[in-house]
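Have a look at the structure below before the remarks.
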Amino acid sequence: WPGIWLMPRDEAYGPWPRSGEMDLMEARGNPPEYRGPGDAPLGDDHFSSCFHWGPSATENGFPLTCNDSTPFLAAASSSHHGTPTPERRQQQTLHDAFHTYGLYWTDRELFSYFDTPEQVVTRVPFYGREPFYEAGRRAGIFTSADDPYRDAASPVTAPFDRAFYVILNVAVGGCVP
């Protein structure tokens with residue numbers, strides 16, 4: 001599926017997801033009426049934005065730092081849930097207009113946004129305030145004692161305290177859950 005990702009230039013904290021990954025935008029490209037697990041909307045009016053981090057693939061903290069765009073695109077629609085109306089299919093898809101997929105990243109804040117910084121998609125609520133590893137343990141996601149950010153210069157921003165590079169994925173076709 002099409003996406004805009006940021007990956008760490010160096011694996012300073014180890015292999016994925018230890019050194020982080022920022023999924024600024026991942027879209028599906030599915031038909032507008034496509035529904036995913038739990039009847040969730042996953043059509044062409046949907047994208048998600050996630051930050052991946054943590055000790056291992058099985059202890060990935062992304063559930064704390066992942067959201068989708070459905071509220072932004074559905075806001076102007078009279079049908080927020082269920083099968084999109086013909087009007088929504090015509091007016092509320094990602095391909096109907098140009099959009100900005102943005103990232104606000106300082107030493108105190110980290111969030112992705114849609115079109116304007118006021119439309120935050122995913123905000124990392126503890127960024128710059130609490131060590132990532134501690135946030136994952138507090139939420140019950142991390143059970144191991146392996147804190148990959150223990151020796152970081154700034155554990156409250158690690159692993160997002162290093163240089164990242166951008167990947168523009170322009171995948172087309174298929175129907176992805």
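Just remember, in the structure tokens the first chain shown is A, the second B, etc., residues are 1-based per chain, and ligands are 1-based in the order shown.
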
With a distance cut-off of 6 Å and only C-alpha atoms, select the neighbouring residues of range 130-141 of chain A, excluding the residue or stretch itself and same-chain residues fewer than 4 positions from it, and output the selection as an mmCIF file with N, CA, C and O atoms, in the first residue's frame.
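Ended up saving to around24.cif:
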```cif
data_model
loop_
_atom_site.group_PDB
_atom_site.id
_atom_site.type_symbol
_atom_site.label_atom_id
_atom_site.label_comp_id
_atom_site.auth_asym_id
_atom_site.auth_seq_id
_atom_site.Cartn_x
_atom_site.Cartn_y
_atom_site.Cartn_z
ATOM 1 N N GLY A 61 5.760 -0.972 20.875
ATOM 2 C CA GLY A 61 4.908 -0.009 21.569
ATOM 3 C C GLY A 61 3.907 0.729 20.697
ATOM 4 O O GLY A 61 3.210 1.613 21.181
ATOM 5 N N PHE A 126 3.599 11.009 25.677
ATOM 6 C CA PHE A 126 4.650 11.014 26.692
ATOM 7 C C PHE A 126 5.988 11.472 26.146
ATOM 8 O O PHE A 126 6.961 11.568 26.887
ATOM 9 N N PRO A 155 16.517 9.504 27.216
ATOM 10 C CA PRO A 155 15.542 8.411 27.196
ATOM 11 C C PRO A 155 14.097 8.866 26.986
ATOM 12 O O PRO A 155 13.250 8.063 26.611
ATOM 13 N N VAL A 156 13.800 10.146 27.198
ATOM 14 C CA VAL A 156 12.427 10.624 27.005
ATOM 15 C C VAL A 156 12.129 10.926 25.532
ATOM 16 O O VAL A 156 10.979 11.196 25.184
#
```

**Request:** Going by DSSP on the backbone, which bits of chain A are alpha helix (DSSP H)? Write them as a PyMOL selection string, please.
**Result:** chain A and resi 70-74+86-91+132-138

Write a file of the selected residues as a PDB file, in the first residue's frame, keeping C-alpha atoms.
```pdb
ATOM      1  CA  THR A  70     -11.230   8.332   9.462  1.00  0.00           C
ATOM      2  CA  PRO A  71     -12.535  11.163  11.716  1.00  0.00           C
ATOM      3  CA  PHE A  72     -10.998  13.854   9.480  1.00  0.00           C
ATOM      4  CA  LEU A  73     -12.458  12.569   6.249  1.00  0.00           C
ATOM      5  CA  ALA A  74     -15.770  11.568   7.790  1.00  0.00           C
ATOM      6  CA  PRO A  86     -22.580   8.071  -2.938  1.00  0.00           C
ATOM      7  CA  GLU A  87     -21.913  11.687  -1.951  1.00  0.00           C
ATOM      8  CA  ARG A  88     -19.212  10.612   0.483  1.00  0.00           C
ATOM      9  CA  ARG A  89     -17.632   8.384  -2.172  1.00  0.00           C
ATOM     10  CA  GLN A  90     -17.526  11.392  -4.476  1.00  0.00           C
ATOM     11  CA  GLN A  91     -16.378  13.982  -1.918  1.00  0.00           C
ATOM     12  CA  PHE A 132       9.503   5.323  26.028  1.00  0.00           C
ATOM     13  CA  TYR A 133      10.403   2.061  27.737  1.00  0.00           C
ATOM     14  CA  GLU A 134       8.631   3.138  30.949  1.00  0.00           C
ATOM     15  CA  ALA A 135       5.507   4.103  28.983  1.00  0.00           C
ATOM     16  CA  GLY A 136       5.459   0.644  27.389  1.00  0.00           C
ATOM     17  CA  ARG A 137       5.917  -1.119  30.743  1.00  0.00           C
ATOM     18  CA  ARG A 138       3.226   1.020  32.405  1.00  0.00           C
TER      19      ARG A 138
END
```

**Message:** Just to confirm, what's the straight-line distance from CA of Asp151 in chain A to CA of Pro17 in chain A in Å (one decimal)?
**Reply:**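 The value is 16.7 Å.
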
**Request:** Find, counting only C-alpha atoms, the residue in A:Pro148, A:Gly43, A:Pro55, A:Gly14 that gets nearest to His95 in chain A.
**Result:**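 Nearest to His95 in chain A: A:Gly43.
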
**Asked** If you measure from CA of Pro15 in chain A to CA of Pro37 in chain A, what distance in Å do you get, rounded to one decimal?
**Response**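 Between these atoms lies a distance of 29.1 Å.
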
**Prompt:** When you draw a straight line from CA of Arg18 in chain A to CA of Gly54 in chain A, how long is it in Å?
**Reply:**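 Atom-to-atom, CA of Arg18 in chain A and CA of Gly54 in chain A are spaced 5.0 Å apart.
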
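Omitting Leu94 in chain A and its sequence neighbours fewer than 3 positions away, and counting only C-alpha atoms, the residues within 9 Å are Ala27, Asp44, Asp45, His46, Phe47, Leu73, Ala97, Phe98 and His99 of chain A.
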
Could you save the residues just selected, with N, CA, C and O atoms, as a compact mmCIF listing (two decimals), in the first residue's frame?
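After the write, result.txt holds the following:
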```txt
# COMPACT_ATOMS: atom_id res chain seq x y z
N ALA A 27 -1.79 4.31 3.45
CA ALA A 27 -3.14 4.25 2.89
C ALA A 27 -3.35 2.87 2.29
O ALA A 27 -2.39 2.16 1.97
N ASP A 44 -10.75 3.86 0.45
CA ASP A 44 -9.88 4.94 -0.02
C ASP A 44 -10.11 6.24 0.73
O ASP A 44 -9.52 7.26 0.40
N ASP A 45 -10.92 6.20 1.78
CA ASP A 45 -11.11 7.35 2.65
C ASP A 45 -10.39 7.15 3.98
O ASP A 45 -10.72 7.76 4.98
N HIS A 46 -9.37 6.29 3.99
CA HIS A 46 -8.72 5.90 5.24
C HIS A 46 -7.21 5.87 5.09
O HIS A 46 -6.69 5.43 4.07
N PHE A 47 -6.50 6.36 6.09
CA PHE A 47 -5.06 6.13 6.22
C PHE A 47 -4.73 6.09 7.71
O PHE A 47 -5.51 6.51 8.54
N LEU A 73 -11.77 12.67 7.53
CA LEU A 73 -12.46 12.57 6.25
C LEU A 73 -13.95 12.38 6.43
O LEU A 73 -14.73 12.75 5.57
N ALA A 97 -8.52 15.40 -3.55
CA ALA A 97 -7.79 16.67 -3.43
C ALA A 97 -6.36 16.38 -3.01
O ALA A 97 -6.05 15.27 -2.56
N PHE A 98 -5.50 17.37 -3.15
CA PHE A 98 -4.15 17.24 -2.63
C PHE A 98 -4.19 17.39 -1.12
O PHE A 98 -4.98 18.17 -0.59
N HIS A 99 -3.34 16.66 -0.43
CA HIS A 99 -3.29 16.72 1.03
C HIS A 99 -1.85 16.82 1.51
O HIS A 99 -0.93 16.41 0.82
```

**Asked** Quick one: of A:Pro8, A:Pro63, A:Pro2, A:Gly36, who's nearest to Glu21 in chain A, counting only C-alpha atoms?
**Response**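 Nearest candidate to Glu21 in chain A out of A:Pro8, A:Pro63, A:Pro2, A:Gly36: A:Pro8.
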
**Request:** Would you mind writing down, as a VMD selection string, each residue of range 109-163 of chain A that DSSP on the backbone assigns to strand (DSSP E)?
**Result:** chain A and resid 110 to 114 120 to 123

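Nearest to Asn30 in chain A of all the residues A:Leu6, A:Trp53, A:Thr93, A:Ser144 is A:Thr93, based on only C-alpha atoms.
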
**Nearest candidate to Trp16 in chain A (options A:Leu42, A:Ile4, A:Ala57, A:Val166; using only C-alpha atoms)** = A:Ala57

**Request:** Determine, counting only C-alpha atoms, which protein, DNA and RNA residues have an atom within 9 Å of an atom of Ser48 in chain A; residues of the same chain fewer than 5 positions away are not included. Present the result as a list in words.
**Result:** Asp23, Leu24, Met25, Glu26, Ala27, Cys66, Asn67, Asp68, Ser69, Thr70, Val121 and Thr122 of chain A

Write out, as a compact mmCIF listing (two decimals), in the first residue's frame, the residues just selected, with C-alpha atoms.
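out_25.txt was written with the following content:
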```txt
# COMPACT_ATOMS: atom_id res chain seq x y z
CA ASP A 23 4.74 5.77 9.55
CA LEU A 24 3.59 9.24 8.64
CA MET A 25 0.93 7.87 6.30
CA GLU A 26 -0.12 4.40 5.21
CA ALA A 27 -3.14 4.25 2.89
CA CYS A 66 -1.05 4.73 16.32
CA ASN A 67 -4.27 6.27 15.00
CA ASP A 68 -6.23 6.52 11.79
CA SER A 69 -7.60 9.37 9.72
CA THR A 70 -11.23 8.33 9.46
CA VAL A 121 -3.58 12.22 13.61
CA THR A 122 -1.16 10.65 16.11
```

**Asked** Which polymer residues have any atom within 9 Å of an atom of Phe160 in chain A, counting only C-alpha atoms, with same-chain residues fewer than 3 positions away left out, as a list in words?
**Response**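 Neighbouring residues, sequence-local ones excluded: Pro8, Ser19, Gly20, Glu21, Met22, Trp53, Trp105, Leu110, Thr157, Ala163 and Phe164 of chain A.
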